[in-house]
Amino acid sequence: MSETIAHHNEHRDDEASKLGMWLFIFTELLLFGGLFVTYAVYRHGHPQAFHLAAEQLDVVVGTINTVILLISSMTIAMSTTAIQKKDKRTTLLLIAITLVLALVFLVNKYFEWSAKIGHGIWPGSPLLEELGRGDTLFFGLYFFMTGLHAFHIIVGMVLLTVVFVRVQKEKLTFDNFQLLENGGLYWHLVDLIWIFLFPLFYLIT
Amino acid sequence: MSSNNTNHTGYKSYLEEDGGRKGIFKWILSTDHKRIGLLYLYAMMGWFIVGVVLGLLMKLELIAPGKTIMGPQAYNATFTVHGVIMIFLIVIPGLPAVFGNFMLPIQIGAKDVAFPRLNLFSWYIYVLGGILVIISLFGNGPPDTGWTFYAPYSFKTGTNMLPAALGAFVLGFSSILTGLNFIVTIHRMRAPGMTWFKMPLFPWSLYGTAWIQLLATPVIGITLLMVAGERILGIGFFDPAKGGDPLLYQHLFWIYSHPAVYIMILPAMGAISEIIPTFSKKTIFGYKAIVISTLAIAFVGYFVWGHHMYTSGMSGAALWAFSLLTFIVAIPSAIKVFNWISTMHQGSISTEIPFLWAASFIFIFMIGGLTGLVLGSLAVDVHLHDTAFVVAHFHFIVFGGVGFAFFGAMHYWFPKIFGRMFDKSWAKTGWITFSIGFVTLYGPMFYLGIMGMPRRYFDYLDEFHGPNIISTMGALVMIAGFLIILINLIKSARHGEKTTEMNPWGGTNLEWQIPTPPPLENFDEIPVIDKATYKYD
């Protein structure tokens, strides 16, 4: 409280920004929550088909992407430490690595999706209709959920690019890095959601 | 709406402080929470007039059996667009967007909300959502699904429902961001000394509401995205032909849309809790009970969505649980009513306009609430489901509850907002006309519903003719009342008698301890709170 008043001239309250980010993360979790419910309902209805369909997905690519995201979460967390140590170069380097890893994730995703589409599997495709209801629902959810997740990756990349530029221009410094921390929080969320998507689609067969 | 007010107390009010901008930019670029509140007010006023006209068209169609002024397709489109506008563009943003924005920072002793730019951004998102709704009217014709967008019809219909659904999605974003802003504001920016239980009840109600906005809205967001996926890609989530389950859509839809009813009504209850002690000159009765019942409604409200689906197909155990929870959620609402009545008891009541609105709110809200219990009973609901009874109940709560509280709040805070007083005798005429019209409009629909008249049809059997005529007459009276209120308020905001009186009603909260109209950042010095609010000697 006293902090708020001390800062009222410059209208800055880091605690408020962090709280706001956490609340936003809650809403994101509930957004995906609706899809997890849908997944649970349809998995319950079509256990056999979900089992077989999951085996169609490439566990290797999935695992690689999981590792990539985990490392990127680590690098963005490290950048938050680096900026507090007033090490601008390392901070920038770590954010850049995070961005590159995000890009690699998307490239992998692109090849994964195109392979599926090449096999005639896309939402509403005639082949899926032939394969039956369980497969239609499984791949519908697969494309929808990983697609929405990929969209979040892109949003996260835009956010982290803004952070990068602001660190570069020294708008974000060791005593004023809340935006970097919020960017990191968001990135962890994107990572966290993938941690649930990965077993649901690739591992539980 | 208000032109330059000059006053003689040597400060600049927020209406004069234009940040060096000209014309409309004084408004649409300002991050002042008070101006943003008024931006919402004006936008909502425009939408409300459209919604009222659509409602009137339906009532005119129903004045006689058979086709009167429109056919079935036009009627379906009319009730859909009426619903989408009234729900997503008016009652959900409702009191929080207008009075929450204007009064929340003042009532907790802050200079603005926590994120002023985000606040303005929320308004732009709101406008964007409105534009999408307008777009849905063109192309293949306005949507005809009902505001609920029920699957599978929502992706089978040839009408232009996609922009309307996306509009609702976008408006959800605006609602989420406003809620987020309010929660952070309340946590971080209360004046020193204002502990949680010294906070006035309107901010408390906004706090409960904000959590619902935050935690329930994403569910409808994703559901509408799934419907969009269905329409564009034909994924099959809700399409029984592809293995999807339309019932799942209903569940997901109501998981948001039932709590949304509390997004609408909680701030209304908060405003009533402000008005009643002020005009009873008495400390609010059971402050803590009102606070706790607010939180209880917000919490239990998440678990009653199934009562919209009694006839859709659910297990007996689920039906039983949802019915029980529905009865439980009525308890905190009843507690509030008892608190308001007890506050009036032995108070020295002055029947000023805001009090009249608050008192009639209690009357209307009780009818709406008790008929809600009728619908919450399993056996009775089977008979009443999808009849005019539901429409009557719904309008008593959502239009009666929110509308009466909104007009009450509007008159209550009017002098503070505009620095002018409204014409009290016209305001009273408007109130009585509106109230009589309201009861005459929706009252007969309870009877019609019990007699078996279904809702959402442009036509009905001859035996329902009489009550429908009364209902349409009521609509005309109510609209006359609404016009009186609207014109009176607009005229008064522009040319009404100027007032710089800080506290015209004798209220106890912080908004009555700052100049009228308030200066740009509300307080020169952040006040220190050392006593509970609502204290009268």
# chains A, B, ... in the order shown; residues from 1 in each chain; ligands from 1
>>> interface_residues(of="chain A", to="chain B", cutoff="10 Å", atoms="only C-alpha atoms", output="MDAnalysis selection string")
chainID A and resid 1:5 8 11:13 15:24 26:35 37:39 41:42 45:46 122:125 128:129 132:141 143:144 148
>>> residues_around(residues="Leu132 of chain B", least_positions_apart="6", cutoff="12 Å", atoms="only C-alpha atoms", output="ChimeraX atom specification")
/B:84-85,88-89,125-126,138,142,160-171
>>> residues_around(residues="Leu483 of chain B", least_positions_apart="2", cutoff="12 Å", atoms="only C-alpha atoms", output="PyMOL selection string")
chain B and resi 45+48-49+52-53+426-427+429-431+433-434+476-481+485-491
>>> residues_around(residues="His308 of chain B", least_positions_apart="3", cutoff="12 Å", atoms="only C-alpha atoms", output="PyMOL selection string")
chain B and resi 148+247+250-259+303-305+311-314+319+322-323+326+372+375-378+381-382+384-386+390+394
>>> write_last_selection(atoms="C-alpha atoms", output="PDB file, in the first residue's frame")
ATOM      1  CA  THR B 148     -27.658 -18.888 -26.892  1.00  0.00           C
ATOM      2  CA  LEU B 247     -25.394 -31.390 -25.004  1.00  0.00           C
ATOM      3  CA  GLN B 250     -25.133 -26.568 -23.725  1.00  0.00           C
ATOM      4  CA  HIS B 251     -23.041 -27.448 -20.684  1.00  0.00           C
ATOM      5  CA  LEU B 252     -20.103 -25.310 -21.775  1.00  0.00           C
ATOM      6  CA  PHE B 253     -22.404 -22.464 -22.732  1.00  0.00           C
ATOM      7  CA  TRP B 254     -24.205 -22.387 -19.402  1.00  0.00           C
ATOM      8  CA  ILE B 255     -21.026 -22.873 -17.350  1.00  0.00           C
ATOM      9  CA  TYR B 256     -20.411 -19.290 -18.400  1.00  0.00           C
ATOM     10  CA  SER B 257     -23.855 -17.978 -19.023  1.00  0.00           C
ATOM     11  CA  HIS B 258     -25.321 -18.832 -15.678  1.00  0.00           C
ATOM     12  CA  PRO B 259     -22.543 -17.120 -13.702  1.00  0.00           C
ATOM     13  CA  PHE B 303     -22.432 -24.736  -9.851  1.00  0.00           C
ATOM     14  CA  VAL B 304     -26.021 -24.244 -10.910  1.00  0.00           C
ATOM     15  CA  TRP B 305     -25.728 -24.078 -14.689  1.00  0.00           C
ATOM     16  CA  THR B 311     -35.321 -31.082 -20.118  1.00  0.00           C
ATOM     17  CA  SER B 312     -32.200 -31.564 -22.252  1.00  0.00           C
ATOM     18  CA  GLY B 313     -31.268 -34.964 -20.898  1.00  0.00           C
ATOM     19  CA  MET B 314     -29.197 -35.493 -17.764  1.00  0.00           C
ATOM     20  CA  LEU B 319     -30.841 -33.035 -11.957  1.00  0.00           C
ATOM     21  CA  PHE B 322     -28.504 -28.888  -9.734  1.00  0.00           C
ATOM     22  CA  SER B 323     -31.953 -28.273  -8.322  1.00  0.00           C
ATOM     23  CA  THR B 326     -30.276 -23.644  -7.309  1.00  0.00           C
ATOM     24  CA  GLY B 372     -36.718 -18.428 -10.431  1.00  0.00           C
ATOM     25  CA  LEU B 375     -38.284 -22.826 -12.476  1.00  0.00           C
ATOM     26  CA  GLY B 376     -35.611 -24.384 -10.273  1.00  0.00           C
ATOM     27  CA  SER B 377     -38.044 -27.082  -9.125  1.00  0.00           C
ATOM     28  CA  LEU B 378     -37.589 -30.136 -11.293  1.00  0.00           C
ATOM     29  CA  ASP B 381     -39.831 -26.814 -14.827  1.00  0.00           C
ATOM     30  CA  VAL B 382     -40.791 -29.647 -17.139  1.00  0.00           C
ATOM     31  CA  LEU B 384     -42.746 -24.357 -17.770  1.00  0.00           C
ATOM     32  CA  HIS B 385     -39.556 -24.926 -19.754  1.00  0.00           C
ATOM     33  CA  ASP B 386     -39.391 -22.830 -22.942  1.00  0.00           C
ATOM     34  CA  VAL B 390     -39.244 -18.220 -18.522  1.00  0.00           C
ATOM     35  CA  PHE B 394     -35.754 -13.681 -17.000  1.00  0.00           C
TER      36      PHE B 394
END
>>> residues_around(residues="Ser30 of chain B", least_positions_apart="6", cutoff="10 Å", atoms="only C-alpha atoms", output="ChimeraX atom specification")
/B:18-19,21,24,36,39,116-117,120
>>> write_last_selection(atoms="N, CA and C atoms", output="PDB file, in the first residue's frame")
ATOM      1  N   ASP B  18      -9.073  18.585 -20.405  1.00  0.00           N
ATOM      2  CA  ASP B  18      -9.198  17.849 -21.653  1.00  0.00           C
ATOM      3  C   ASP B  18      -7.871  17.296 -22.149  1.00  0.00           C
ATOM      4  N   GLY B  19      -6.806  17.442 -21.343  1.00  0.00           N
ATOM      5  CA  GLY B  19      -5.503  16.901 -21.739  1.00  0.00           C
ATOM      6  C   GLY B  19      -5.001  17.505 -23.039  1.00  0.00           C
ATOM      7  N   ARG B  21      -6.598  17.945 -25.723  1.00  0.00           N
ATOM      8  CA  ARG B  21      -7.194  17.359 -26.923  1.00  0.00           C
ATOM      9  C   ARG B  21      -8.465  18.106 -27.289  1.00  0.00           C
ATOM     10  N   ILE B  24     -13.932  15.172 -30.061  1.00  0.00           N
ATOM     11  CA  ILE B  24     -14.196  13.810 -29.626  1.00  0.00           C
ATOM     12  C   ILE B  24     -12.945  13.171 -29.023  1.00  0.00           C
ATOM     13  N   ILE B  36     -13.932   7.294 -19.259  1.00  0.00           N
ATOM     14  CA  ILE B  36     -14.160   5.975 -19.848  1.00  0.00           C
ATOM     15  C   ILE B  36     -15.520   5.436 -19.406  1.00  0.00           C
ATOM     16  N   LEU B  39     -17.948   7.015 -21.582  1.00  0.00           N
ATOM     17  CA  LEU B  39     -17.898   6.453 -22.941  1.00  0.00           C
ATOM     18  C   LEU B  39     -18.766   5.199 -23.011  1.00  0.00           C
ATOM     19  N   PRO B 116      -4.852   2.201 -16.325  1.00  0.00           N
ATOM     20  CA  PRO B 116      -5.750   3.115 -17.056  1.00  0.00           C
ATOM     21  C   PRO B 116      -5.740   2.890 -18.563  1.00  0.00           C
ATOM     22  N   ARG B 117      -4.562   2.577 -19.135  1.00  0.00           N
ATOM     23  CA  ARG B 117      -4.538   2.397 -20.594  1.00  0.00           C
ATOM     24  C   ARG B 117      -5.275   1.130 -21.001  1.00  0.00           C
ATOM     25  N   LEU B 120      -8.939   1.862 -21.126  1.00  0.00           N
ATOM     26  CA  LEU B 120      -9.412   2.467 -22.375  1.00  0.00           C
ATOM     27  C   LEU B 120      -9.431   1.422 -23.486  1.00  0.00           C
TER      28      LEU B 120
END
>>> closest_residue(among="A:Met157, A:Ile195, A:Ala49, A:Met78", to="Leu103 of chain A", atoms="only C-alpha atoms")
A:Met157
>>> residues_around(residues="segment 68-76 of chain A", least_positions_apart="6", cutoff="10 Å", atoms="only C-alpha atoms", output="VMD selection string")
chain A and resid 62 82 91 to 105 153 160 180 to 181 183 to 192 194 to 195
>>> write_last_selection(atoms="C-alpha atoms", output="tab-separated table (two decimals), in the first residue's frame")
chain	number	residue	atom	x	y	z
A	62	GLY	CA	6.51	-34.45	-29.74
A	82	ALA	CA	20.65	-11.91	-15.64
A	91	THR	CA	19.91	-10.98	-20.80
A	92	LEU	CA	19.56	-10.21	-24.50
A	93	LEU	CA	21.30	-13.41	-25.48
A	94	LEU	CA	18.98	-15.52	-23.34
A	95	ILE	CA	15.85	-13.84	-24.68
A	96	ALA	CA	17.16	-14.37	-28.20
A	97	ILE	CA	17.76	-18.07	-27.50
A	98	THR	CA	14.20	-18.35	-26.18
A	99	LEU	CA	12.87	-16.79	-29.37
A	100	VAL	CA	14.93	-19.10	-31.56
A	101	LEU	CA	13.73	-22.14	-29.63
A	102	ALA	CA	10.14	-20.96	-30.04
A	103	LEU	CA	10.70	-20.67	-33.75
A	104	VAL	CA	12.18	-24.19	-33.92
A	105	PHE	CA	9.09	-25.45	-32.08
A	153	ILE	CA	3.47	-19.37	-28.92
A	160	LEU	CA	9.25	-11.40	-25.91
A	180	LEU	CA	10.41	-9.13	-18.63
A	181	GLU	CA	9.13	-11.05	-15.66
A	183	GLY	CA	6.77	-12.05	-20.38
A	184	GLY	CA	8.51	-14.93	-18.63
A	185	LEU	CA	5.35	-15.81	-16.70
A	186	TYR	CA	3.39	-15.90	-19.92
A	187	TRP	CA	6.04	-18.05	-21.54
A	188	HIS	CA	5.88	-20.52	-18.65
A	189	LEU	CA	2.11	-20.70	-19.15
A	190	VAL	CA	2.58	-21.58	-22.81
A	191	ASP	CA	5.06	-24.22	-21.72
A	192	LEU	CA	2.77	-25.54	-19.01
A	194	TRP	CA	2.09	-27.99	-23.73
A	195	ILE	CA	3.13	-30.19	-20.79
>>> atom_distance(atom1="atom CA of Ile470 of chain B", atom2="atom CA of His395 of chain B")
16.5 Å
>>> atom_distance(atom1="atom CA of Tyr142 of chain A", atom2="atom CA of Asn65 of chain A")
15.2 Å
>>> select_by_dssp(residues="chain A", states="helix (DSSP H, G or I)", output="ChimeraX atom specification")
/A:2-6,14-45,47-54,59-84,88-118,126-131,133-168,178-203
>>> residues_around(residues="Ala475 of chain B", least_positions_apart="3", cutoff="9 Å", atoms="only C-alpha atoms", output="list in words")
Gly55, Leu56, Lys59, Gly437, Phe438, Thr440, Leu441, Tyr442, Ile470, Ser471, Thr472, Met478, Ile479 and Ala480 of chain B
